[in-house]
file my_file.pdb (PDB, C-alpha atoms)
ATOM      1  CA  MET S   1      -8.710  -3.832 -25.383  1.00  0.00           C
ATOM      2  CA  SER S   2      -5.257  -2.356 -24.900  1.00  0.00           C
ATOM      3  CA  TYR S   3      -4.465  -0.053 -21.955  1.00  0.00           C
ATOM      4  CA  LYS S   4      -1.262   1.828 -21.185  1.00  0.00           C
ATOM      5  CA  ILE S   5      -0.542   2.055 -17.476  1.00  0.00           C
ATOM      6  CA  LYS S   6       2.410   3.235 -15.409  1.00  0.00           C
ATOM      7  CA  VAL S   7       3.284   0.960 -12.506  1.00  0.00           C
ATOM      8  CA  ASN S   8       6.217   1.696 -10.216  1.00  0.00           C
ATOM      9  CA  GLY S   9       7.574   4.173 -12.754  1.00  0.00           C
ATOM     10  CA  VAL S  10       7.501   1.707 -15.647  1.00  0.00           C
ATOM     11  CA  ASP S  11       5.123   1.980 -18.591  1.00  0.00           C
ATOM     12  CA  HIS S  12       3.186  -1.164 -19.487  1.00  0.00           C
ATOM     13  CA  GLU S  13       0.709  -1.993 -22.203  1.00  0.00           C
ATOM     14  CA  VAL S  14      -1.860  -4.582 -21.206  1.00  0.00           C
ATOM     15  CA  ASP S  15      -4.495  -6.248 -23.342  1.00  0.00           C
ATOM     16  CA  VAL S  16      -7.476  -6.893 -21.045  1.00  0.00           C
ATOM     17  CA  ASP S  17     -11.175  -6.107 -20.799  1.00  0.00           C
ATOM     18  CA  GLY S  18     -11.804  -2.646 -19.360  1.00  0.00           C
ATOM     19  CA  ASP S  19     -13.803  -3.932 -16.406  1.00  0.00           C
ATOM     20  CA  ILE S  20     -10.972  -6.157 -15.130  1.00  0.00           C
ATOM     21  CA  PRO S  21      -9.917  -4.900 -11.686  1.00  0.00           C
ATOM     22  CA  LEU S  22      -6.470  -3.351 -11.396  1.00  0.00           C
ATOM     23  CA  LEU S  23      -5.581  -6.049  -8.831  1.00  0.00           C
ATOM     24  CA  TRP S  24      -5.817  -8.806 -11.432  1.00  0.00           C
ATOM     25  CA  VAL S  25      -3.866  -6.820 -14.004  1.00  0.00           C
ATOM     26  CA  LEU S  26      -1.079  -6.343 -11.455  1.00  0.00           C
ATOM     27  CA  ARG S  27      -1.062  -9.961 -10.293  1.00  0.00           C
ATOM     28  CA  ASP S  28      -2.030 -12.022 -13.332  1.00  0.00           C
ATOM     29  CA  VAL S  29      -0.830  -9.909 -16.248  1.00  0.00           C
ATOM     30  CA  LEU S  30       2.207  -8.108 -14.804  1.00  0.00           C
ATOM     31  CA  GLY S  31       3.221 -10.790 -12.282  1.00  0.00           C
ATOM     32  CA  MET S  32       3.334  -8.392  -9.318  1.00  0.00           C
ATOM     33  CA  THR S  33       1.994 -10.674  -6.611  1.00  0.00           C
ATOM     34  CA  GLY S  34       2.827  -8.497  -3.602  1.00  0.00           C
ATOM     35  CA  THR S  35      -0.622  -6.929  -3.748  1.00  0.00           C
ATOM     36  CA  LYS S  36      -3.032  -9.462  -2.271  1.00  0.00           C
ATOM     37  CA  PHE S  37      -6.630 -10.466  -2.907  1.00  0.00           C
ATOM     38  CA  GLY S  38      -8.634 -10.438   0.293  1.00  0.00           C
ATOM     39  CA  CYS S  39     -12.355  -9.847  -0.001  1.00  0.00           C
ATOM     40  CA  GLY S  40     -12.947  -8.530  -3.520  1.00  0.00           C
ATOM     41  CA  LYS S  41     -15.288  -5.857  -2.151  1.00  0.00           C
ATOM     42  CA  ALA S  42     -12.863  -3.138  -0.939  1.00  0.00           C
ATOM     43  CA  LEU S  43     -13.562  -4.015   2.695  1.00  0.00           C
ATOM     44  CA  CYS S  44     -10.317  -5.545   3.976  1.00  0.00           C
ATOM     45  CA  GLY S  45      -7.496  -3.432   2.489  1.00  0.00           C
ATOM     46  CA  ALA S  46      -5.249  -6.323   1.440  1.00  0.00           C
ATOM     47  CA  CYS S  47      -5.254  -5.061  -2.155  1.00  0.00           C
ATOM     48  CA  THR S  48      -4.301  -1.446  -1.376  1.00  0.00           C
ATOM     49  CA  VAL S  49      -2.032   0.298  -3.875  1.00  0.00           C
ATOM     50  CA  HIS S  50      -1.354   3.981  -4.506  1.00  0.00           C
ATOM     51  CA  VAL S  51      -2.913   5.709  -7.475  1.00  0.00           C
ATOM     52  CA  ASN S  52      -1.321   9.143  -7.811  1.00  0.00           C
ATOM     53  CA  GLY S  53      -0.188   8.811  -4.200  1.00  0.00           C
ATOM     54  CA  MET S  54      -3.617   8.008  -2.791  1.00  0.00           C
ATOM     55  CA  PRO S  55      -4.456   4.620  -1.265  1.00  0.00           C
ATOM     56  CA  VAL S  56      -6.934   2.757  -3.470  1.00  0.00           C
ATOM     57  CA  ARG S  57      -8.492  -0.686  -3.227  1.00  0.00           C
ATOM     58  CA  SER S  58      -7.318  -2.291  -6.443  1.00  0.00           C
ATOM     59  CA  CYS S  59      -9.855  -5.133  -6.243  1.00  0.00           C
ATOM     60  CA  VAL S  60     -12.685  -2.792  -7.251  1.00  0.00           C
ATOM     61  CA  MET S  61     -10.882  -0.329  -9.538  1.00  0.00           C
ATOM     62  CA  PRO S  62     -11.478  -1.250 -13.182  1.00  0.00           C
ATOM     63  CA  ILE S  63      -8.391  -0.901 -15.345  1.00  0.00           C
ATOM     64  CA  GLU S  64     -10.333   1.422 -17.664  1.00  0.00           C
ATOM     65  CA  HIS S  65     -10.474   3.987 -14.818  1.00  0.00           C
ATOM     66  CA  VAL S  66      -6.713   4.067 -14.267  1.00  0.00           C
ATOM     67  CA  GLY S  67      -6.000   6.254 -17.292  1.00  0.00           C
ATOM     68  CA  GLU S  68      -2.657   8.051 -17.077  1.00  0.00           C
ATOM     69  CA  SER S  69      -2.433   7.709 -13.304  1.00  0.00           C
ATOM     70  CA  SER S  70       0.782   6.618 -11.660  1.00  0.00           C
ATOM     71  CA  ILE S  71       0.409   3.374  -9.712  1.00  0.00           C
ATOM     72  CA  THR S  72       2.729   2.368  -6.890  1.00  0.00           C
ATOM     73  CA  THR S  73       2.647  -1.141  -5.428  1.00  0.00           C
ATOM     74  CA  ILE S  74       4.319  -2.770  -2.444  1.00  0.00           C
ATOM     75  CA  GLU S  75       7.114  -3.881  -4.774  1.00  0.00           C
ATOM     76  CA  ALA S  76       8.303  -0.260  -5.068  1.00  0.00           C
ATOM     77  CA  ILE S  77       7.173   1.422  -1.838  1.00  0.00           C
ATOM     78  CA  GLY S  78      10.527   0.637  -0.208  1.00  0.00           C
ATOM     79  CA  ASP S  79      12.198   2.851  -2.810  1.00  0.00           C
ATOM     80  CA  THR S  80      10.521   5.888  -1.219  1.00  0.00           C
ATOM     81  CA  PRO S  81      11.899   7.423   2.000  1.00  0.00           C
ATOM     82  CA  VAL S  82       8.618   6.916   3.868  1.00  0.00           C
ATOM     83  CA  GLY S  83       8.183   3.376   2.562  1.00  0.00           C
ATOM     84  CA  ALA S  84      11.728   2.380   3.527  1.00  0.00           C
ATOM     85  CA  LYS S  85      11.231   3.725   7.054  1.00  0.00           C
ATOM     86  CA  LEU S  86       7.928   1.893   7.370  1.00  0.00           C
ATOM     87  CA  GLN S  87       9.396  -1.396   6.180  1.00  0.00           C
ATOM     88  CA  LYS S  88      12.242  -1.065   8.692  1.00  0.00           C
ATOM     89  CA  ALA S  89       9.826  -0.190  11.487  1.00  0.00           C
ATOM     90  CA  TRP S  90       7.617  -3.165  10.531  1.00  0.00           C
ATOM     91  CA  LEU S  91      10.612  -5.445  11.069  1.00  0.00           C
ATOM     92  CA  ASP S  92      11.872  -3.658  14.206  1.00  0.00           C
ATOM     93  CA  VAL S  93       8.463  -3.859  15.907  1.00  0.00           C
ATOM     94  CA  GLU S  94       7.851  -7.395  14.579  1.00  0.00           C
ATOM     95  CA  VAL S  95       4.432  -6.531  13.173  1.00  0.00           C
ATOM     96  CA  VAL S  96       4.105  -9.497  10.830  1.00  0.00           C
ATOM     97  CA  GLN S  97       2.524 -12.737  11.918  1.00  0.00           C
ATOM     98  CA  CYS S  98       0.913 -14.461   8.946  1.00  0.00           C
ATOM     99  CA  GLY S  99       1.830 -11.491   6.738  1.00  0.00           C
ATOM    100  CA  TYR S 100      -1.084 -11.669   4.328  1.00  0.00           C
ATOM    101  CA  CYS S 101      -2.440  -8.179   5.044  1.00  0.00           C
ATOM    102  CA  GLN S 102       0.920  -6.489   5.381  1.00  0.00           C
ATOM    103  CA  SER S 103       1.343  -5.114   1.871  1.00  0.00           C
ATOM    104  CA  GLY S 104      -2.002  -3.334   2.146  1.00  0.00           C
ATOM    105  CA  GLN S 105      -1.203  -2.158   5.672  1.00  0.00           C
ATOM    106  CA  ILE S 106       2.138  -0.688   4.589  1.00  0.00           C
ATOM    107  CA  MET S 107       0.613   0.996   1.542  1.00  0.00           C
ATOM    108  CA  SER S 108      -2.081   2.656   3.680  1.00  0.00           C
ATOM    109  CA  ALA S 109       0.487   3.667   6.301  1.00  0.00           C
ATOM    110  CA  ALA S 110       2.774   5.160   3.642  1.00  0.00           C
ATOM    111  CA  ALA S 111      -0.074   7.271   2.255  1.00  0.00           C
ATOM    112  CA  LEU S 112      -0.846   8.450   5.786  1.00  0.00           C
ATOM    113  CA  LEU S 113       2.749   9.488   6.526  1.00  0.00           C
ATOM    114  CA  GLU S 114       3.115  11.227   3.172  1.00  0.00           C
ATOM    115  CA  ALA S 115       0.024  13.306   3.952  1.00  0.00           C
ATOM    116  CA  ASN S 116       0.641  13.676   7.694  1.00  0.00           C
ATOM    117  CA  PRO S 117       4.236  13.156   8.883  1.00  0.00           C
ATOM    118  CA  GLU S 118       3.258  13.531  12.552  1.00  0.00           C
ATOM    119  CA  PRO S 119       0.041  11.537  12.984  1.00  0.00           C
ATOM    120  CA  THR S 120      -1.713  11.167  16.315  1.00  0.00           C
ATOM    121  CA  ASP S 121      -3.088   7.814  17.451  1.00  0.00           C
ATOM    122  CA  ARG S 122      -6.495   8.975  16.222  1.00  0.00           C
ATOM    123  CA  ASP S 123      -5.032   9.894  12.808  1.00  0.00           C
ATOM    124  CA  ILE S 124      -3.427   6.461  12.559  1.00  0.00           C
ATOM    125  CA  ASP S 125      -6.585   4.652  13.625  1.00  0.00           C
ATOM    126  CA  THR S 126      -8.672   6.621  11.116  1.00  0.00           C
ATOM    127  CA  ALA S 127      -6.263   6.064   8.207  1.00  0.00           C
ATOM    128  CA  MET S 128      -5.857   2.374   8.973  1.00  0.00           C
ATOM    129  CA  ALA S 129      -9.510   1.616   9.827  1.00  0.00           C
ATOM    130  CA  GLY S 130     -10.221  -0.088   6.492  1.00  0.00           C
ATOM    131  CA  ASN S 131      -7.293  -2.500   6.799  1.00  0.00           C
ATOM    132  CA  ILE S 132      -8.120  -5.761   8.508  1.00  0.00           C
ATOM    133  CA  CYS S 133      -5.480  -7.899  10.197  1.00  0.00           C
ATOM    134  CA  ARG S 134      -6.805 -11.342  11.058  1.00  0.00           C
ATOM    135  CA  CYS S 135      -3.852 -11.860  13.394  1.00  0.00           C
ATOM    136  CA  GLY S 136      -4.803  -8.753  15.388  1.00  0.00           C
ATOM    137  CA  THR S 137      -1.450  -6.951  15.277  1.00  0.00           C
ATOM    138  CA  TYR S 138      -3.103  -3.520  15.388  1.00  0.00           C
ATOM    139  CA  ILE S 139      -1.111  -2.306  18.402  1.00  0.00           C
ATOM    140  CA  ARG S 140       2.167  -3.234  16.704  1.00  0.00           C
ATOM    141  CA  ILE S 141       0.994  -1.680  13.430  1.00  0.00           C
ATOM    142  CA  ARG S 142       0.318   1.610  15.229  1.00  0.00           C
ATOM    143  CA  GLU S 143       3.685   1.407  16.999  1.00  0.00           C
ATOM    144  CA  ALA S 144       5.517   0.785  13.714  1.00  0.00           C
ATOM    145  CA  ILE S 145       3.803   3.767  12.092  1.00  0.00           C
ATOM    146  CA  LYS S 146       4.758   5.953  15.056  1.00  0.00           C
ATOM    147  CA  GLN S 147       8.356   4.704  14.885  1.00  0.00           C
ATOM    148  CA  ALA S 148       8.555   5.430  11.167  1.00  0.00           C
ATOM    149  CA  ALA S 149       7.134   8.919  11.752  1.00  0.00           C
ATOM    150  CA  GLN S 150       9.671   9.625  14.504  1.00  0.00           C
ATOM    151  CA  THR S 151      12.503   8.313  12.353  1.00  0.00           C
ATOM    152  CA  ARG S 152      11.358  10.592   9.580  1.00  0.00           C
ATOM    153  CA  GLU S 153      11.262  13.642  11.868  1.00  0.00           C
ATOM    154  CA  THR S 154      14.699  13.067  13.346  1.00  0.00           C
ATOM    155  CA  SER S 155      16.531  11.767  10.299  1.00  0.00           C
ATOM    156  CA  SER S 156      19.086  13.866   8.521  1.00  0.00           C
ATOM    157  CA  PRO S 157      20.468  13.513   5.010  1.00  0.00           C
ATOM    158  CA  GLN S 158      23.401  11.143   4.826  1.00  0.00           C
ATOM    159  CA  GLY S 159      26.540  12.502   3.273  1.00  0.00           C
ATOM    160  CA  GLY S 160      29.003  10.516   1.264  1.00  0.00           C
TER     161      GLY S 160
END

call {"tool": "encode", "arguments": {"input": "my_file.pdb", "output": "structure tokens"}}
result
Amino acid sequence: MSYKIKVNGVDHEVDVDGDIPLLWVLRDVLGMTGTKFGCGKALCGACTVHVNGMPVRSCVMPIEHVGESSITTIEAIGDTPVGAKLQKAWLDVEVVQCGYCQSGQIMSAAALLEANPEPTDRDIDTAMAGNICRCGTYIRIREAIKQAAQTRETSSPQGG
């Protein structure tokens, strides 16, 4: 069956069965391999993408449920102000070890900062609770989110 989806601002038409998870459409059909497969049961967060700005586990979302929603993946999150600040903070704080979970971590963190630009530690822990990092970089993840939030609060528009 044919489905029209919008990913990272670009319209795509994909010919897949309706029960195929969004994750596999992104990776196998559209070639966007930044979103990772982790558990296949929405438990680890590695496959997190935004659907209309909300973090969603793409491994369990059938393509037939996407409809006219706007999907944002890790490939485009850096084009947003919050995403760019998070990616910079991730590097500054040296969050990444193996890196496998990082796209899902950043996508969840971006959704948090869009909804709550000044999160407390509790807010961060709650928003990030479903994202597993096998390397255990949780303290650095929290620090990077806090740094990105502070950067956002104190940043001013750049003139040219």

call {"tool": "resolve_selection", "arguments": {"input": "my_file.pdb", "expression": "the PyMOL selection byres ((chain S and resi 96) around 12)", "output": "list of chain:residue names"}}
result
S:Gln87, S:Lys88, S:Ala89, S:Trp90, S:Leu91, S:Asp92, S:Val93, S:Glu94, S:Val95, S:Gln97, S:Cys98, S:Gly99, S:Tyr100, S:Cys101, S:Gln102, S:Ser103, S:Gln105, S:Ile106, S:Cys133, S:Arg134, S:Cys135, S:Gly136, S:Thr137, S:Tyr138, S:Ile139, S:Arg140, S:Ile141, S:Ala144

call {"tool": "residues_around", "arguments": {"input": "my_file.pdb", "residues": "region 123-126 of chain S", "least_positions_apart": "2", "cutoff": "8 Å", "atoms": "all atoms listed in the file", "output": "ChimeraX atom specification"}}
result
/S:109,112,119-121,128-129,142,145

call {"tool": "resolve_selection", "arguments": {"input": "my_file.pdb", "expression": "the PyMOL selection byres ((chain S and resi 15-31) around 8)", "output": "list in words"}}
result
Met1, Ser2, Tyr3, Glu13, Val14, Met32, Thr33, Gly34, Thr35, Lys36, Phe37, Cys47, Ser58, Cys59, Val60, Met61, Pro62, Ile63, Glu64 and Val66 of chain S

call {"tool": "atom_distance", "arguments": {"input": "my_file.pdb", "atom1": "CA of Asn52 (chain S)", "atom2": "CA of Gly40 (chain S)"}}
result
21.6 Å

call {"tool": "closest_residue", "arguments": {"input": "my_file.pdb", "among": "S:Asn8, S:Ser69, S:Thr48, S:Ser108", "to": "Val82 (chain S)", "atoms": "only C-alpha atoms"}}
result
S:Ser108

call {"tool": "resolve_selection", "arguments": {"input": "my_file.pdb", "expression": "the PyMOL selection byres ((chain S and resi 148) around 6)", "output": "compact mmCIF listing (two decimals) with C-alpha atoms, in the coordinates of the input"}}
result
# COMPACT_ATOMS: atom_id res chain seq x y z
CA LYS S 85 11.23 3.72 7.05
CA LEU S 86 7.93 1.89 7.37
CA ALA S 89 9.83 -0.19 11.49
CA ILE S 145 3.80 3.77 12.09
CA LYS S 146 4.76 5.95 15.06
CA GLN S 147 8.36 4.70 14.88
CA ALA S 149 7.13 8.92 11.75
CA GLN S 150 9.67 9.62 14.50
CA THR S 151 12.50 8.31 12.35

call {"tool": "axis_aligned_box", "arguments": {"input": "my_file.pdb", "around": "region 116-131 of chain S", "padding_each_side": "5 Å", "output": "JSON"}}
result
{"center_x": -3.0, "center_y": 5.6, "center_z": 12.0, "size_x": 24.5, "size_y": 26.2, "size_z": 21.0}

call {"tool": "atom_distance", "arguments": {"input": "my_file.pdb", "atom1": "CA of Gly83 (chain S)", "atom2": "CA of Val49 (chain S)"}}
result
12.5 Å

call {"tool": "closest_residue", "arguments": {"input": "my_file.pdb", "among": "S:Ala127, S:Val10, S:Ala84, S:Cys44", "to": "Gly104 (chain S)", "atoms": "all atoms listed in the file"}}
result
S:Cys44
